[in-house]
Each structure stands twice: as C-alpha cells, then as structure tokens.
file data13.cif (mmCIF, C-alpha atoms)
data_query
#
loop_
_atom_site.label_atom_id
_atom_site.label_comp_id
_atom_site.auth_asym_id
_atom_site.auth_seq_id
_atom_site.Cartn_x
_atom_site.Cartn_y
_atom_site.Cartn_z
CA MET L 1425 -26.92 -14.47 -15.38
CA LEU L 1426 -28.19 -18.00 -14.90
CA LYS L 1427 -31.68 -18.82 -16.13
CA VAL L 1428 -33.61 -20.78 -13.50
CA GLY L 1429 -36.63 -22.99 -14.05
CA ILE L 1430 -39.11 -23.94 -11.33
CA ILE L 1431 -40.78 -27.35 -11.12
CA GLY L 1432 -43.90 -27.11 -8.95
CA VAL L 1433 -45.57 -23.78 -8.13
CA ASP L 1434 -47.79 -25.37 -5.44
CA THR L 1435 -45.81 -23.78 -2.60
CA SER L 1436 -45.25 -20.32 -1.18
CA HIS L 1437 -41.55 -20.85 -1.91
CA ALA L 1438 -42.20 -20.59 -5.65
CA ILE L 1439 -43.34 -16.99 -5.19
CA ALA L 1440 -40.91 -16.00 -2.43
CA PHE L 1441 -37.87 -17.45 -4.19
CA THR L 1442 -38.78 -15.84 -7.52
CA GLN L 1443 -39.27 -12.48 -5.83
CA LEU L 1444 -35.80 -12.69 -4.29
CA LEU L 1445 -33.98 -14.12 -7.31
CA ASN L 1446 -35.51 -11.62 -9.74
CA ASP L 1447 -34.46 -8.70 -7.55
CA SER L 1448 -30.71 -8.22 -7.88
CA LYS L 1449 -30.67 -6.20 -4.66
CA GLN L 1450 -31.66 -9.35 -2.76
CA VAL L 1451 -29.93 -12.26 -4.52
CA GLN L 1452 -27.55 -11.89 -7.44
CA GLY L 1453 -26.53 -14.22 -10.24
CA ALA L 1454 -29.75 -15.95 -11.29
CA THR L 1455 -33.28 -15.18 -12.41
CA VAL L 1456 -36.40 -17.33 -12.73
CA VAL L 1457 -37.56 -17.47 -16.36
CA SER L 1458 -40.01 -20.39 -16.56
CA ALA L 1459 -42.06 -22.77 -14.45
CA TYR L 1460 -44.02 -26.02 -14.68
CA PRO L 1461 -47.12 -25.75 -12.44
CA GLY L 1462 -47.38 -29.31 -11.11
CA GLY L 1463 -49.62 -29.88 -8.10
CA SER L 1464 -50.99 -33.08 -6.51
CA PRO L 1465 -54.77 -33.61 -6.90
CA ASP L 1466 -55.05 -35.64 -3.66
CA PHE L 1467 -53.20 -32.97 -1.63
CA PRO L 1468 -55.52 -29.93 -1.30
CA LEU L 1469 -52.86 -27.56 0.02
CA SER L 1470 -50.82 -28.38 -3.07
CA ILE L 1471 -53.34 -28.34 -5.90
CA ASN L 1472 -55.35 -25.40 -4.55
CA ARG L 1473 -52.31 -23.12 -4.60
CA VAL L 1474 -51.45 -23.71 -8.25
CA PRO L 1475 -53.86 -21.34 -10.07
CA LYS L 1476 -53.13 -18.29 -7.93
CA ASN L 1477 -49.36 -18.86 -7.80
CA GLN L 1478 -49.17 -19.57 -11.51
CA GLU L 1479 -51.00 -16.34 -12.31
CA LYS L 1480 -48.82 -14.32 -9.94
CA LEU L 1481 -45.58 -15.69 -11.35
CA SER L 1482 -46.71 -14.86 -14.86
CA LYS L 1483 -48.23 -11.44 -14.32
CA GLU L 1484 -45.96 -9.99 -11.63
CA PHE L 1485 -42.61 -11.55 -12.50
CA GLY L 1486 -42.89 -12.36 -16.20
CA VAL L 1487 -42.26 -16.07 -15.66
CA GLU L 1488 -43.23 -18.22 -18.65
CA ILE L 1489 -45.56 -21.07 -17.67
CA ARG L 1490 -44.72 -24.30 -19.48
CA ASP L 1491 -46.76 -27.45 -20.08
CA SER L 1492 -44.06 -29.95 -19.18
CA ILE L 1493 -41.02 -30.50 -16.99
CA GLN L 1494 -39.01 -31.12 -20.15
CA GLU L 1495 -39.78 -27.68 -21.58
CA VAL L 1496 -38.54 -26.00 -18.42
CA ALA L 1497 -35.40 -28.15 -18.27
CA GLU L 1498 -34.52 -27.47 -21.90
CA GLU L 1499 -34.43 -23.69 -21.53
CA ALA L 1500 -33.08 -23.35 -17.98
CA ASP L 1501 -29.48 -23.42 -16.78
CA ALA L 1502 -30.50 -24.69 -13.35
CA ILE L 1503 -33.61 -26.08 -11.67
CA LEU L 1504 -35.51 -25.38 -8.46
CA LEU L 1505 -37.59 -28.51 -7.81
CA GLU L 1506 -40.13 -26.89 -5.50
CA SER L 1507 -43.10 -29.27 -5.53
CA SER L 1508 -44.52 -29.23 -2.01
CA ASP L 1509 -45.47 -32.92 -2.23
CA GLY L 1510 -42.39 -34.94 -1.32
CA ARG L 1511 -43.99 -38.04 -2.86
CA VAL L 1512 -43.41 -36.71 -6.39
CA HIS L 1513 -39.79 -35.62 -6.06
CA LEU L 1514 -38.26 -38.89 -7.24
CA GLU L 1515 -40.42 -39.13 -10.35
CA GLN L 1516 -39.95 -35.47 -11.23
CA PHE L 1517 -36.20 -35.78 -10.74
CA ARG L 1518 -36.18 -38.79 -13.08
CA GLN L 1519 -37.51 -36.50 -15.79
CA LEU L 1520 -34.68 -34.03 -15.22
CA VAL L 1521 -31.58 -36.22 -15.10
CA ASN L 1522 -30.99 -36.44 -18.84
CA TYR L 1523 -30.46 -32.67 -18.96
CA ARG L 1524 -27.55 -32.87 -16.49
CA LYS L 1525 -28.27 -29.45 -15.00
CA PRO L 1526 -27.85 -28.60 -11.30
CA VAL L 1527 -31.02 -29.19 -9.29
CA PHE L 1528 -32.02 -27.85 -5.89
CA ILE L 1529 -34.70 -30.09 -4.37
CA ASP L 1530 -36.68 -28.31 -1.69
CA LYS L 1531 -37.47 -30.11 1.53
CA PRO L 1532 -38.08 -32.93 1.92
CA LEU L 1533 -35.73 -34.62 -0.52
CA ALA L 1534 -38.05 -37.63 -0.33
CA LEU L 1535 -40.45 -39.27 2.13
CA SER L 1536 -38.31 -42.35 2.75
CA VAL L 1537 -34.67 -43.35 2.86
CA PRO L 1538 -34.97 -45.76 -0.11
CA GLU L 1539 -36.42 -43.03 -2.35
CA ALA L 1540 -33.80 -40.53 -1.16
CA LYS L 1541 -31.03 -43.03 -1.94
CA GLU L 1542 -32.52 -43.61 -5.39
CA ILE L 1543 -32.41 -39.87 -6.09
CA TYR L 1544 -28.73 -39.75 -5.15
CA GLN L 1545 -28.03 -42.87 -7.23
CA LEU L 1546 -29.68 -41.28 -10.27
CA ALA L 1547 -27.71 -38.09 -9.66
CA GLU L 1548 -24.46 -40.07 -9.57
CA THR L 1549 -25.30 -42.15 -12.63
CA TYR L 1550 -26.25 -39.15 -14.76
CA GLN L 1551 -23.72 -36.78 -13.16
CA VAL L 1552 -26.38 -34.33 -12.01
CA PRO L 1553 -25.33 -31.99 -9.18
CA ILE L 1554 -28.06 -31.87 -6.52
CA MET L 1555 -28.60 -30.04 -3.26
CA SER L 1556 -31.47 -30.40 -0.79
CA CYS L 1557 -32.22 -28.81 2.57
CA SER L 1558 -34.58 -26.78 4.73
CA THR L 1559 -34.44 -23.00 4.60
CA LEU L 1560 -33.83 -22.92 8.36
CA ARG L 1561 -30.38 -24.49 7.91
CA TYR L 1562 -29.18 -21.08 6.72
CA SER L 1563 -30.89 -18.85 9.27
CA ASP L 1564 -28.63 -16.28 10.92
CA CYS L 1565 -29.48 -17.60 14.36
CA ILE L 1566 -28.36 -21.15 13.61
CA HIS L 1567 -25.22 -19.79 11.94
CA LYS L 1568 -24.33 -17.95 15.17
CA VAL L 1569 -24.38 -21.16 17.19
CA LYS L 1570 -22.69 -23.25 14.51
CA GLU L 1571 -19.80 -20.83 13.98
CA SER L 1572 -18.88 -20.44 17.66
CA ASP L 1573 -15.35 -21.53 18.57
CA GLU L 1574 -16.52 -22.73 21.98
CA GLU L 1575 -17.12 -26.41 22.75
CA LEU L 1576 -20.80 -27.21 22.16
CA MET L 1577 -22.22 -29.54 24.80
CA GLY L 1578 -25.81 -29.63 23.58
CA LEU L 1579 -28.54 -27.86 21.63
CA ASP L 1580 -32.23 -27.20 22.22
CA VAL L 1581 -34.20 -26.02 19.20
CA PHE L 1582 -37.82 -24.89 19.03
CA GLY L 1583 -40.37 -23.98 16.42
CA PRO L 1584 -43.84 -24.67 15.02
CA LEU L 1585 -45.09 -28.11 14.06
CA GLU L 1586 -47.79 -28.75 11.47
CA PHE L 1587 -48.92 -31.95 9.79
CA GLN L 1588 -50.30 -32.87 6.38
CA GLU L 1589 -51.92 -36.26 5.89
CA THR L 1590 -50.02 -37.03 2.70
CA GLN L 1591 -46.62 -35.98 4.10
CA ASP L 1592 -46.00 -38.51 6.88
CA GLY L 1593 -45.38 -36.95 10.29
CA TYR L 1594 -42.31 -34.72 10.59
CA PHE L 1595 -41.64 -34.71 6.85
CA TRP L 1596 -43.93 -31.71 6.39
CA TYR L 1597 -42.80 -29.16 9.00
CA GLY L 1598 -40.80 -31.03 11.59
CA ILE L 1599 -37.99 -31.37 9.05
CA HIS L 1600 -37.06 -27.72 9.69
CA LEU L 1601 -36.35 -28.53 13.35
CA VAL L 1602 -34.48 -31.73 12.56
CA GLU L 1603 -32.27 -29.97 10.04
CA MET L 1604 -31.51 -27.15 12.49
CA MET L 1605 -30.35 -29.80 14.95
CA VAL L 1606 -28.28 -31.85 12.51
CA SER L 1607 -26.62 -28.85 10.87
CA VAL L 1608 -25.16 -27.85 14.24
CA MET L 1609 -24.80 -31.07 16.22
CA GLY L 1610 -24.04 -33.51 13.42
CA THR L 1611 -25.53 -36.84 12.42
CA ASN L 1612 -24.09 -39.36 14.91
CA VAL L 1613 -27.34 -39.90 16.80
CA LYS L 1614 -27.48 -43.03 18.96
CA SER L 1615 -31.12 -42.93 20.01
CA VAL L 1616 -34.30 -40.90 19.60
CA SER L 1617 -37.26 -40.59 21.96
CA VAL L 1618 -40.49 -38.60 21.74
CA GLN L 1619 -42.92 -37.21 24.30
CA LYS L 1620 -46.11 -35.59 23.03
CA THR L 1621 -49.30 -33.91 24.14
CA ASP L 1622 -52.10 -32.30 22.16
CA GLU L 1623 -50.19 -28.99 22.05
CA HIS L 1624 -46.49 -29.85 22.17
CA GLU L 1625 -43.92 -32.50 21.33
CA ILE L 1626 -40.42 -33.01 22.70
CA VAL L 1627 -37.87 -35.02 20.72
CA ILE L 1628 -34.65 -36.06 22.46
CA PHE L 1629 -31.55 -36.96 20.46
CA GLN L 1630 -28.81 -38.81 22.33
CA TYR L 1631 -25.51 -38.59 20.46
CA ASP L 1632 -22.73 -41.18 20.35
CA ASP L 1633 -20.37 -38.82 22.19
CA GLY L 1634 -22.77 -38.32 25.11
CA ARG L 1635 -24.19 -34.96 24.04
CA ILE L 1636 -27.94 -34.42 24.07
CA GLY L 1637 -30.05 -32.37 21.70
CA SER L 1638 -33.74 -31.59 22.03
CA ILE L 1639 -36.53 -30.34 19.81
CA ARG L 1640 -39.52 -28.53 21.28
CA ALA L 1641 -42.21 -28.57 18.61
CA ASN L 1642 -45.23 -26.34 19.15
CA LYS L 1643 -48.55 -27.37 17.63
CA ARG L 1644 -50.16 -24.06 18.54
CA GLY L 1645 -48.92 -20.54 19.20
CA SER L 1646 -45.81 -18.84 17.89
CA TYR L 1647 -44.33 -19.49 14.44
CA GLU L 1648 -40.91 -18.33 15.60
CA PHE L 1649 -37.90 -20.63 15.26
CA GLY L 1650 -34.89 -20.53 17.55
CA ALA L 1651 -32.42 -22.42 19.68
CA THR L 1652 -30.29 -22.42 22.81
CA GLY L 1653 -26.75 -23.62 22.33
CA HIS L 1654 -25.16 -24.99 25.48
CA PHE L 1655 -21.42 -24.43 25.49
CA LEU L 1656 -18.89 -25.51 28.11
CA ASP L 1657 -18.95 -22.19 29.99
CA TYR L 1658 -22.24 -20.57 28.96
CA SER L 1659 -25.52 -20.94 27.04
CA GLN L 1660 -26.57 -18.80 24.06
CA PHE L 1661 -30.18 -18.13 23.08
CA VAL L 1662 -30.86 -17.23 19.42
CA THR L 1663 -34.04 -16.70 17.45
CA THR L 1664 -35.05 -16.01 13.86
CA LYS L 1665 -36.84 -12.90 15.14
CA ASP L 1666 -33.41 -11.29 15.59
CA ASP L 1667 -31.96 -12.41 12.24
CA THR L 1668 -30.38 -9.61 10.21
CA ASN L 1669 -30.96 -11.35 6.87
CA PRO L 1670 -34.04 -13.31 5.78
CA PHE L 1671 -33.24 -17.01 5.83
CA TYR L 1672 -34.84 -17.40 2.38
CA ALA L 1673 -32.25 -14.98 0.99
CA ASN L 1674 -29.44 -16.75 2.85
CA LEU L 1675 -30.54 -20.07 1.38
CA LEU L 1676 -30.83 -18.73 -2.15
CA ASN L 1677 -27.35 -17.21 -2.03
CA GLU L 1678 -26.06 -20.68 -1.18
CA VAL L 1679 -28.19 -22.27 -3.90
CA VAL L 1680 -26.97 -19.83 -6.57
CA SER L 1681 -23.37 -20.52 -5.53
CA PHE L 1682 -24.18 -24.23 -5.86
CA PHE L 1683 -25.63 -23.68 -9.33
CA TYR L 1684 -22.37 -22.07 -10.46
CA ALA L 1685 -19.97 -24.43 -8.68
CA LYS L 1686 -22.10 -27.53 -9.37
CA GLN L 1687 -21.01 -28.96 -6.03
CA THR L 1688 -23.34 -29.19 -3.04
CA PRO L 1689 -22.20 -27.66 0.27
CA ILE L 1690 -24.13 -30.38 2.13
CA ALA L 1691 -22.82 -33.95 2.12
CA PRO L 1692 -25.37 -36.41 0.72
CA SER L 1693 -24.80 -38.58 3.80
CA GLU L 1694 -26.03 -35.71 5.99
CA THR L 1695 -29.18 -35.18 3.95
CA LEU L 1696 -29.86 -38.92 4.01
CA GLN L 1697 -29.43 -38.91 7.79
CA VAL L 1698 -32.02 -36.14 8.09
CA ILE L 1699 -34.50 -38.37 6.23
CA ALA L 1700 -33.54 -41.37 8.37
CA LEU L 1701 -33.98 -39.41 11.61
CA ILE L 1702 -37.43 -38.25 10.54
CA GLU L 1703 -38.41 -41.86 9.86
CA THR L 1704 -37.15 -42.74 13.35
CA ILE L 1705 -39.08 -39.85 14.94
CA ASN L 1706 -42.25 -40.84 13.12
CA GLN L 1707 -41.89 -44.41 14.36
CA ALA L 1708 -41.20 -43.25 17.93
CA ARG L 1709 -44.31 -41.02 17.87
CA GLU L 1710 -46.45 -44.08 17.22
CA GLY L 1711 -44.73 -46.22 19.84
#

call {"tool": "encode", "arguments": {"input": "data13.cif", "output": "structure tokens"}}
result
Amino acid sequence: MLKVGIIGVDTSHAIAFTQLLNDSKQVQGATVVSAYPGGSPDFPLSINRVPKNQEKLSKEFGVEIRDSIQEVAEEADAILLESSDGRVHLEQFRQLVNYRKPVFIDKPLALSVPEAKEIYQLAETYQVPIMSCSTLRYSDCIHKVKESDEELMGLDVFGPLEFQETQDGYFWYGIHLVEMMVSVMGTNVKSVSVQKTDEHEIVIFQYDDGRIGSIRANKRGSYEFGATGHFLDYSQFVTTKDDTNPFYANLLNEVVSFFYAKQTPIAPSETLQVIALIETINQAREG
C-alpha cells in the first residue's frame, strides 16, 4: 500500500480524494497519510478553506498535518500536489524534486507556458515522474466519445465557467472544458476564437485537419458537464449526469497506476498544449 502525502489542503479535492483513497472499496493501492496545509493569503477561496479542511482530514481520516512540504515528502511514497492556487505550483514542486517521488499536480499545472515548461524541465533533470490533468479528462462520458471506433468529425463540449481574480481567465474552471476537448480531439489547433455575453461564452477551435470543436461555457445555471460527438454517420450526446463511475474515482485509479508505474499516461506535450490553448483563449477574450 503506497503512502500518499498531500501538498495544499485549500481545495475540495483534498477532502474528496482522501475519502476515496482511504476507502479500499472506491480506490485501491494507496492511502493518504499526511498533508501540508498551504494556502495563499491573497486568494480568499484558498486560505479560507484551510482550517476546516485541515481539521476534517485530521479528525475524520487520521491524516497527520505537517509543518513543511519536506516533512510530507520524506514520509510519503507519492505526492498529490493539490494547492488550488496555480501560481504556487512551480515553487512547491521545486521543494519536492530532490525526493524523486512521483507527483500528481492538480489542475492547472501552471498559469503560463514558461512556468509549465520549467516544471517539466525540473522533472526531467531530477528524474521525477509527474502527471497533471483535470478530473473531467477521465469522466465516463468523455471516455465513451473517445473510445468510439467511428470517425470523429467534431466535438461540442459544455459545462460551467467560473473565474477567480488570481487565476487568470480559463485557468480556474475553463481548463476542465479545454481538457475535455483536447483529450478527444487532440492538440493540433490552428486557430481559436471567442464569443461572449454576460451569461455564456462560446470558444471555437479550428483544427489543422479541418475539424471544428466548440466549448459552450455557462456562467450561470447548471453545473453539469457533457459533450456531443459528431461522427461521420451520427452524433452522440453524453453527460456526466449519466456516468456510472464518479470521475474523481476514475482519475484517482489512473493516478494510483501512475504512482506505481512512474510513467504518466498523458504526454507532457499535450499538457503543455492545454496551458498554451488557455493562454490563447484568455487573449482572445480580451480582443
């Protein structure tokens, strides 16, 4: 059984992931044993979550709360870097590399392409296996579209869109929608355009091979995620509401497999392209 350490309890994922990992009926092979609280003082949604989440991890799940990243890294076999503030991921990862233990970095990997590249360069230099993605990449509904043998002509994804001042544009919540798109359609995007109103945004991806993908991002209303895959002879509508398995559990099963294999199932180039596309979307939104 792998011992997992969490860096950053300032997110709902810290609680949800611990609950799943520490219940062998949900996810097998790893258990959370310690955590470093973290939290960003200038990011209210981050720092305000720390006390409650820290207490819950300790009292309900028996997680040991440590005073430093180093303490967690020393006793863990693998790391969940969960800090909700993408600005701190590079610096926190720097403190982990000497331990050479596999690290899952929750979305976003970083808030810019240069910082994301620096993380991968550090990982290569210190031979640290890393994996980073959105939970929605492993939703059952996206898997259904991705695994079809039919020729995919295009994809329309939809879901909620929220913003946080410190987490530039689509890096906070829009990343889920971008990753759903890229995981199915690929990364060879030729151009990006954005239309927006007070309540909705539409992002159009034109691919090099002529295919078109779209994101419908809802600023109010439903928190459901889903997609319509357009194949040569038919279209298929899928939604997380109909998923058999929780996408958190799906993700964690992949992460635990990564911890054991020490090889990411997602090419670094793909994760870097997700970050690059978000930068492009953010620029287009201001155009």

call {"tool": "resolve_selection", "arguments": {"input": "data13.cif", "expression": "the PyMOL selection byres ((chain L and resi 1558) around 8)", "output": "VMD selection string"}}
result
chain L and resid 1530 to 1532 1556 to 1557 1559 to 1561 1599 to 1600 1603

call {"tool": "write_last_selection", "arguments": {"input": "data13.cif", "atoms": "C-alpha atoms", "output": "compact mmCIF listing (two decimals), in the coordinates of the input"}}
result
# COMPACT_ATOMS: atom_id res chain seq x y z
CA ASP L 1530 -36.68 -28.31 -1.69
CA LYS L 1531 -37.47 -30.11 1.53
CA PRO L 1532 -38.08 -32.93 1.92
CA SER L 1556 -31.47 -30.40 -0.79
CA CYS L 1557 -32.22 -28.81 2.57
CA THR L 1559 -34.44 -23.00 4.60
CA LEU L 1560 -33.83 -22.92 8.36
CA ARG L 1561 -30.38 -24.49 7.91
CA ILE L 1599 -37.99 -31.37 9.05
CA HIS L 1600 -37.06 -27.72 9.69
CA GLU L 1603 -32.27 -29.97 10.04

call {"tool": "residues_around", "arguments": {"input": "data13.cif", "residues": "L:Ser1464", "least_positions_apart": "6", "cutoff": "9 Å", "atoms": "all atoms listed in the file", "output": "PDB file with C-alpha atoms, in the frame of the given file"}}
result
ATOM      1  CA  ASP L1434     -47.790 -25.370  -5.440  1.00  0.00           C
ATOM      2  CA  SER L1470     -50.820 -28.380  -3.070  1.00  0.00           C
ATOM      3  CA  ILE L1471     -53.340 -28.340  -5.900  1.00  0.00           C
ATOM      4  CA  SER L1507     -43.100 -29.270  -5.530  1.00  0.00           C
ATOM      5  CA  SER L1508     -44.520 -29.230  -2.010  1.00  0.00           C
ATOM      6  CA  ASP L1509     -45.470 -32.920  -2.230  1.00  0.00           C
ATOM      7  CA  VAL L1512     -43.410 -36.710  -6.390  1.00  0.00           C
TER       8      VAL L1512
END

call {"tool": "atom_distance", "arguments": {"input": "data13.cif", "atom1": "atom CA of L:Ala1700", "atom2": "atom CA of L:Leu1535"}}
result
9.5 Å

call {"tool": "closest_residue", "arguments": {"input": "data13.cif", "among": "L:Val1521, L:Met1605, L:Gly1645, L:Pro1526", "to": "L:Thr1688", "atoms": "all atoms listed in the file"}}
result
L:Pro1526

call {"tool": "atom_distance", "arguments": {"input": "data13.cif", "atom1": "atom CA of L:Ala1673", "atom2": "atom CA of L:Pro1553"}}
result
21.0 Å

call {"tool": "build_atoms", "arguments": {"input": "data13.cif", "residues": "stretch 1480-1499 of chain L", "atoms": "N, CA and C atoms", "output": "short mmCIF file (atom, residue, chain, number, x, y, z; two decimals), in the coordinates of the input"}}
result
data_model
loop_
_atom_site.label_atom_id
_atom_site.label_comp_id
_atom_site.auth_asym_id
_atom_site.auth_seq_id
_atom_site.Cartn_x
_atom_site.Cartn_y
_atom_site.Cartn_z
N LYS L 1480 -49.70 -15.33 -10.52
CA LYS L 1480 -48.82 -14.32 -9.94
C LYS L 1480 -47.43 -14.37 -10.55
N LEU L 1481 -46.90 -15.55 -10.74
CA LEU L 1481 -45.58 -15.69 -11.35
C LEU L 1481 -45.57 -15.11 -12.76
N SER L 1482 -46.63 -15.35 -13.48
CA SER L 1482 -46.71 -14.86 -14.86
C SER L 1482 -46.90 -13.36 -14.93
N LYS L 1483 -47.87 -12.85 -14.20
CA LYS L 1483 -48.23 -11.44 -14.32
C LYS L 1483 -47.27 -10.50 -13.61
N GLU L 1484 -46.80 -10.90 -12.42
CA GLU L 1484 -45.96 -9.99 -11.63
C GLU L 1484 -44.47 -10.13 -11.92
N PHE L 1485 -44.05 -11.32 -12.34
CA PHE L 1485 -42.61 -11.55 -12.50
C PHE L 1485 -42.22 -11.94 -13.92
N GLY L 1486 -43.19 -12.05 -14.82
CA GLY L 1486 -42.89 -12.36 -16.20
C GLY L 1486 -42.39 -13.76 -16.44
N VAL L 1487 -42.70 -14.68 -15.53
CA VAL L 1487 -42.26 -16.07 -15.66
C VAL L 1487 -43.13 -16.78 -16.70
N GLU L 1488 -42.50 -17.46 -17.63
CA GLU L 1488 -43.23 -18.22 -18.65
C GLU L 1488 -43.71 -19.55 -18.07
N ILE L 1489 -44.99 -19.83 -18.18
CA ILE L 1489 -45.56 -21.07 -17.67
C ILE L 1489 -45.53 -22.12 -18.77
N ARG L 1490 -44.89 -23.24 -18.48
CA ARG L 1490 -44.72 -24.30 -19.48
C ARG L 1490 -45.61 -25.50 -19.16
N ASP L 1491 -45.86 -26.31 -20.20
CA ASP L 1491 -46.76 -27.45 -20.08
C ASP L 1491 -46.08 -28.72 -19.61
N SER L 1492 -44.76 -28.73 -19.56
CA SER L 1492 -44.06 -29.95 -19.18
C SER L 1492 -42.77 -29.63 -18.44
N ILE L 1493 -42.31 -30.60 -17.67
CA ILE L 1493 -41.02 -30.50 -16.99
C ILE L 1493 -39.90 -30.39 -18.02
N GLN L 1494 -40.04 -31.11 -19.12
CA GLN L 1494 -39.01 -31.12 -20.15
C GLN L 1494 -38.80 -29.74 -20.77
N GLU L 1495 -39.90 -29.02 -21.00
CA GLU L 1495 -39.78 -27.68 -21.58
C GLU L 1495 -38.99 -26.75 -20.67
N VAL L 1496 -39.26 -26.84 -19.39
CA VAL L 1496 -38.54 -26.00 -18.42
C VAL L 1496 -37.07 -26.39 -18.40
N ALA L 1497 -36.78 -27.68 -18.36
CA ALA L 1497 -35.40 -28.15 -18.27
C ALA L 1497 -34.59 -27.77 -19.51
N GLU L 1498 -35.23 -27.79 -20.65
CA GLU L 1498 -34.52 -27.47 -21.90
C GLU L 1498 -34.02 -26.02 -21.94
N GLU L 1499 -34.81 -25.10 -21.40
CA GLU L 1499 -34.43 -23.69 -21.53
C GLU L 1499 -33.72 -23.11 -20.30
#
